[in-house]
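One structure is given here, and the rest of the page talks about it.
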Amino acid sequence: MDAPANPALPLRRIVQGKNPRTYFDPAEMADLRAGLKAAGRVVQPIIVRPIPGADLFEIVAGERRWRAAKEVFGDDYDMPVVIESLNDEEAEAIAVIENHHRAPMSHAEEAHAAKRMLIRVKGDKEEAAATLGWKPELLERRLALLTCTPAVLEALTHRQIQLGHAELLAGVPPDKQDTVLAGVLAHKVPVGVLKEQLGRFARRLADAIFDTAQCSACRYNSARQSGLFDESLGEGFCQHPTHYDELTMQAIEAKAQGLREQYPVVRIVRASDGFTPLLVTEDDAFGVGPQQYGSCKGCASFGCAVSALPGSLGEVTASLCFDAGCNSQKVAVWRKAQRDDTEQAPQKAPKAVGKASARKAAAPAPARTARAPSNQTPQRVKDFRLLQWRKWAARELMAQPERNRRVMIALARCGHTGDVRTIEFGVAAKRIAGPWMLERLDFAAALPEADAIGAQHLEQLMLAVTASAAFGVNPRDLEALLSYLDVDERKHFKWNAEFLELFTMSELESLAGEVGLKQKMGAAFKLARAKKKGDFIKSLLAVPGFPYDGTVPAVMQYPRKPTASGLIAETSEASVGPAVEASDDSVEDEALAA
């Protein structure tokens with residue numbers, strides 16, 4: 001199509017192009033129309049490009065003048081034009097430059113134009129900035145505005161908010177921007193006030209308990225806005241409180257996880273918990289006494305708290321009791337013991353007859369407690385102990401033929417033959433009579449197999465039938481069975497890593513103190529306690545001169561129960577170490593059985 005000699009085109013042959021400007025300020029348009037009426041013509045030509053295959057031209061730059069001329073002069077007015085053959089990239093670049101230097105586009109419109117140009121030049125920011133006639137810094141600032149929501153960008157385009165508002169909102173999480181924007185519009189909040197309000201919700205990175213290296217490139221790091229925008233919160237702030245709090249909780253949970261090897265109970269304390277820590281100590285006003293404190297370290301209710309409270313995030317409070325009722329009883333016992341000792345102490349020492357008498361009179365009376373130290377056994381240890389007791393009972397049933405038969409009689413009489421366990425019996429039977437023995441569980445098919453068993457195996461197999469019931473009886477009946485068989489724990493219990501791995505570090509310390517390992521190690525114990533758990537366990541299992549084979553910790557001893565026949569005698573405490581308090585573990589085991 002031939003271009004006119006004197007470039008002017010009727011307005012009806014000119015159509016809108018892809019204008020980066022989407023908003024035309026009504027006041028500015030009114031001023032422009034008034035100027036055209038006063039001049040009687042359009043002085044400055046607009047830039048157009050031909051539309052292939054049509055008798056029309058598309059506006060590249062000058063849509064504001066085109067709109068005003070249509071309203072003032074009508075569609076037949078000959079509009080002065082500059083006609084250029086441009087591709088889409090060239091056309092948009094000229095449009096942006098023209099708009100930027102005349103009545104500027106909104107910053108939001110420029111941001112969208114910058115994004116489109118960046119896509120066209122395949123992400124090359126330098127080329128995009130050069131094409132638009134911008135400095136690279138301006139391109140970065142406009143692109144950074146695109147973190148604003150569409151509602152914020154629209155408000156900026158329609159001049160409802162200032163650029164400073166948008167720059168501040170760019171650092172706010174998208175799900176919060178529109179809410180904040182609504183408040184800004186409703187109350188006409190100035191930029192300075194918005195900055196102050198947003199600062200109240202931001203989090204100081206200097207206060208973070210997590211690694212802030214990951215924050216350096218985060219879009220919500222205020223340093224990013226500070227380097228790009230005139231309005232920002234300054235450096236050193238996270239403007240995404242929710243994410244900051246998530247990272248904080250992850251750090252707290254990681255710290256708590258690291259402490260679970262140390263303590264039976266590790267609790268994360270939040271503001272909503274209303275938690276008051278209950279410290280357990282030896283000798284202060286609410287102490288429990290040195291011996292009981294050593295036992296408390298091995299209790300299932302002993303532990304620490306990790307703070308998730310503002311002002312103390314990540315702080316650890318150790319040596320806590322999480323059973324207030326038990327703690328108050330232990331404190332009361334220790335106080336009573338101290339009072340009794342004070343009341344029984346002589347008012348003044350008797351006349352000394354000799355040096356020995358003087359030393360005896362001067363020696364303070366030892367503190368006494370109403371009962372031996374006790375604690376609550378962790379459930380994981382109970383589960384391990386129960387399985388070991390079953391194995392011990394089964395071995396003794398195999399080793400005591402007469403009592404084995406009497407146990408089966410009692411089981412049958414009480415309707416407990418269902419306690420016989422098929423799997424455990426099958427394992428023992430294969431070991432006794434061979435792997436081919438009783439492979440099928442169908443009774444009719446099992447009869448011929450049983451009939452083929454050699455007579456030399458029958459006695460042991462019958463003992464195994466009863467022994468398998470040790471794995472089926474309930475915990476209370478198992479304790480009675482152990483007592484009836486007069487099981488000596490020293491014959492069965494073994495000190496090994498499998499057993500010690502059940503305990504946390506504080507529980508291991510309590511256990512070592514109870515059985516005398518701590519005293520035997522002396523100064524070496526403190527060094528071993530400072531090691532990792534695996535190394536600490538190795539140290540506990542390698543103490544020269546310690547009688548491992550003759551020592552059974554209280555937690556692995558079963559409570560002796562008298563039987564109706566009177567066959568069971570009480571076993572002396574000295575034979576296996578400190579006695580188990582039936583009032584603690586046996587009651588809990590009965591609850592398990594129920």
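Ligands are numbered from 1 in the order shown, residues from 1 within each chain, and chains are lettered A, B, ... in the order they appear in the structure tokens.
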Residues within 10 Å of Ala394 of chain A, only C-alpha atoms, excluding chain neighbours under 2 positions, as an mmCIF file with C-alpha atoms, in the first residue's frame:
data_model
loop_
_atom_site.group_PDB
_atom_site.id
_atom_site.type_symbol
_atom_site.label_atom_id
_atom_site.label_comp_id
_atom_site.auth_asym_id
_atom_site.auth_seq_id
_atom_site.Cartn_x
_atom_site.Cartn_y
_atom_site.Cartn_z
ATOM 1 C CA GLN A 388 12.583 -60.533 78.044
ATOM 2 C CA TRP A 389 10.493 -61.857 80.935
ATOM 3 C CA ARG A 390 8.549 -64.034 78.507
ATOM 4 C CA LYS A 391 11.795 -65.451 77.124
ATOM 5 C CA TRP A 392 13.123 -66.088 80.645
ATOM 6 C CA GLU A 396 12.809 -71.974 82.780
ATOM 7 C CA LEU A 397 9.742 -73.952 81.698
ATOM 8 C CA MET A 398 11.996 -75.978 79.399
ATOM 9 C CA ALA A 399 14.456 -76.480 82.260
ATOM 10 C CA ASN A 404 6.184 -77.262 83.392
ATOM 11 C CA GLU A 424 6.613 -69.774 69.165
ATOM 12 C CA LEU A 463 7.757 -79.064 77.387
ATOM 13 C CA ALA A 464 7.838 -76.633 74.434
ATOM 14 C CA VAL A 465 4.028 -76.609 74.279
ATOM 15 C CA THR A 466 3.823 -75.197 77.802
ATOM 16 C CA ALA A 467 6.844 -72.965 77.304
ATOM 17 C CA SER A 468 5.144 -71.281 74.332
ATOM 18 C CA ALA A 469 2.350 -70.188 76.670
ATOM 19 C CA ALA A 470 4.840 -67.809 78.303
ATOM 20 C CA PHE A 471 4.369 -65.660 75.192
ATOM 21 C CA LEU A 481 4.612 -67.498 86.452
ATOM 22 C CA LEU A 482 8.061 -65.972 86.985
#
Test item, helix (DSSP H, G or I) assignment across segment 304-553 of chain A, answer as a PyMOL selection string: chain A and resi 324-344+355-362+379-399+401-413+417-419+422-433+443-451+455-471+475-484+489-492+497-500+505-515+517-521+523-529+533-540+548-550
Excluding Glu489 of chain A and its own-chain neighbours fewer than 3 positions away, which residues fall within 8 Å of it when counting only C-alpha atoms? Please give them as a PyMOL selection string. chain A and resi 492-493+552+556-557+576
Selection to disk with all heavy atoms, as a short mmCIF file (atom, residue, chain, number, x, y, z; two decimals), in the first residue's frame:
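again.cif, freshly written:
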data_model
loop_
_atom_site.label_atom_id
_atom_site.label_comp_id
_atom_site.auth_asym_id
_atom_site.auth_seq_id
_atom_site.Cartn_x
_atom_site.Cartn_y
_atom_site.Cartn_z
N HIS A 492 19.72 -64.74 83.36
CA HIS A 492 19.19 -64.43 82.03
C HIS A 492 19.55 -63.04 81.53
O HIS A 492 19.75 -62.85 80.32
CB HIS A 492 17.67 -64.58 82.04
CG HIS A 492 17.19 -65.94 82.43
ND1 HIS A 492 17.16 -67.00 81.56
CD2 HIS A 492 16.74 -66.42 83.64
CE1 HIS A 492 16.69 -68.08 82.20
NE2 HIS A 492 16.44 -67.75 83.45
N PHE A 493 19.60 -62.07 82.43
CA PHE A 493 19.82 -60.70 81.99
C PHE A 493 21.25 -60.50 81.48
O PHE A 493 22.22 -60.98 82.08
CB PHE A 493 19.55 -59.71 83.13
CG PHE A 493 19.88 -58.28 82.76
CD1 PHE A 493 19.06 -57.56 81.91
CD2 PHE A 493 21.04 -57.68 83.23
CE1 PHE A 493 19.37 -56.26 81.55
CE2 PHE A 493 21.36 -56.38 82.88
CZ PHE A 493 20.53 -55.67 82.03
N VAL A 552 21.75 -56.84 88.17
CA VAL A 552 20.54 -56.66 87.37
C VAL A 552 19.89 -55.35 87.78
O VAL A 552 19.58 -55.15 88.96
CB VAL A 552 19.54 -57.82 87.59
CG1 VAL A 552 18.28 -57.61 86.74
CG2 VAL A 552 20.19 -59.15 87.25
N MET A 556 14.65 -54.21 85.36
CA MET A 556 14.50 -55.52 84.73
C MET A 556 14.09 -56.61 85.72
O MET A 556 13.94 -57.76 85.35
CB MET A 556 15.82 -55.92 84.05
CG MET A 556 16.16 -55.08 82.83
SD MET A 556 14.86 -55.09 81.55
CE MET A 556 14.87 -56.81 81.06
N GLN A 557 13.92 -56.28 86.99
CA GLN A 557 13.50 -57.27 87.98
C GLN A 557 11.98 -57.37 88.00
O GLN A 557 11.29 -56.36 87.88
CB GLN A 557 14.02 -56.88 89.37
CG GLN A 557 15.54 -56.81 89.46
CD GLN A 557 16.00 -56.21 90.77
OE1 GLN A 557 15.39 -56.43 91.81
NE2 GLN A 557 17.07 -55.43 90.72
N VAL A 576 20.11 -59.50 93.58
CA VAL A 576 20.03 -58.93 92.23
C VAL A 576 20.09 -57.41 92.22
O VAL A 576 19.93 -56.80 91.18
CB VAL A 576 18.72 -59.38 91.52
CG1 VAL A 576 18.78 -60.84 91.21
CG2 VAL A 576 17.50 -59.04 92.38
#
Surrounding residues of segment 282-292 of chain A excluding itself and chain neighbours under 3 positions, 12 Å, only C-alpha atoms, as an NGL selection string: :A and (278-279 or 295-299 or 319-321 or 324 or 326-338 or 367-375 or 510 or 513-514)
Hey, can you check how far atom CA of Ser222 of chain A sits from atom CA of Phe210 of chain A? 17.4 Å
Residue with smallest distance to Leu500 of chain A - pool A:Leu540, A:Ala480, A:Met521, A:Ala93, counting only C-alpha atoms: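 Nearest to Leu500 of chain A: A:Leu540.
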Interatomic distance between atom CA of Arg203 of chain A and atom CA of Leu247 of chain A?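 Separation between atom CA of Arg203 of chain A and atom CA of Leu247 of chain A: 11.8 Å.
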Using only C-alpha atoms: which of A:Ala69, A:Ile46, A:Leu156, A:Cys148 has the shortest distance to Tyr23 of chain A: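 With only C-alpha atoms as the atom set, the closest residue is A:Leu156.
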Do you have the atom CA of Cys238 of chain A-atom CA of Ala202 of chain A distance handy?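 Going from atom CA of Cys238 of chain A over to atom CA of Ala202 of chain A, I get 5.6 Å.
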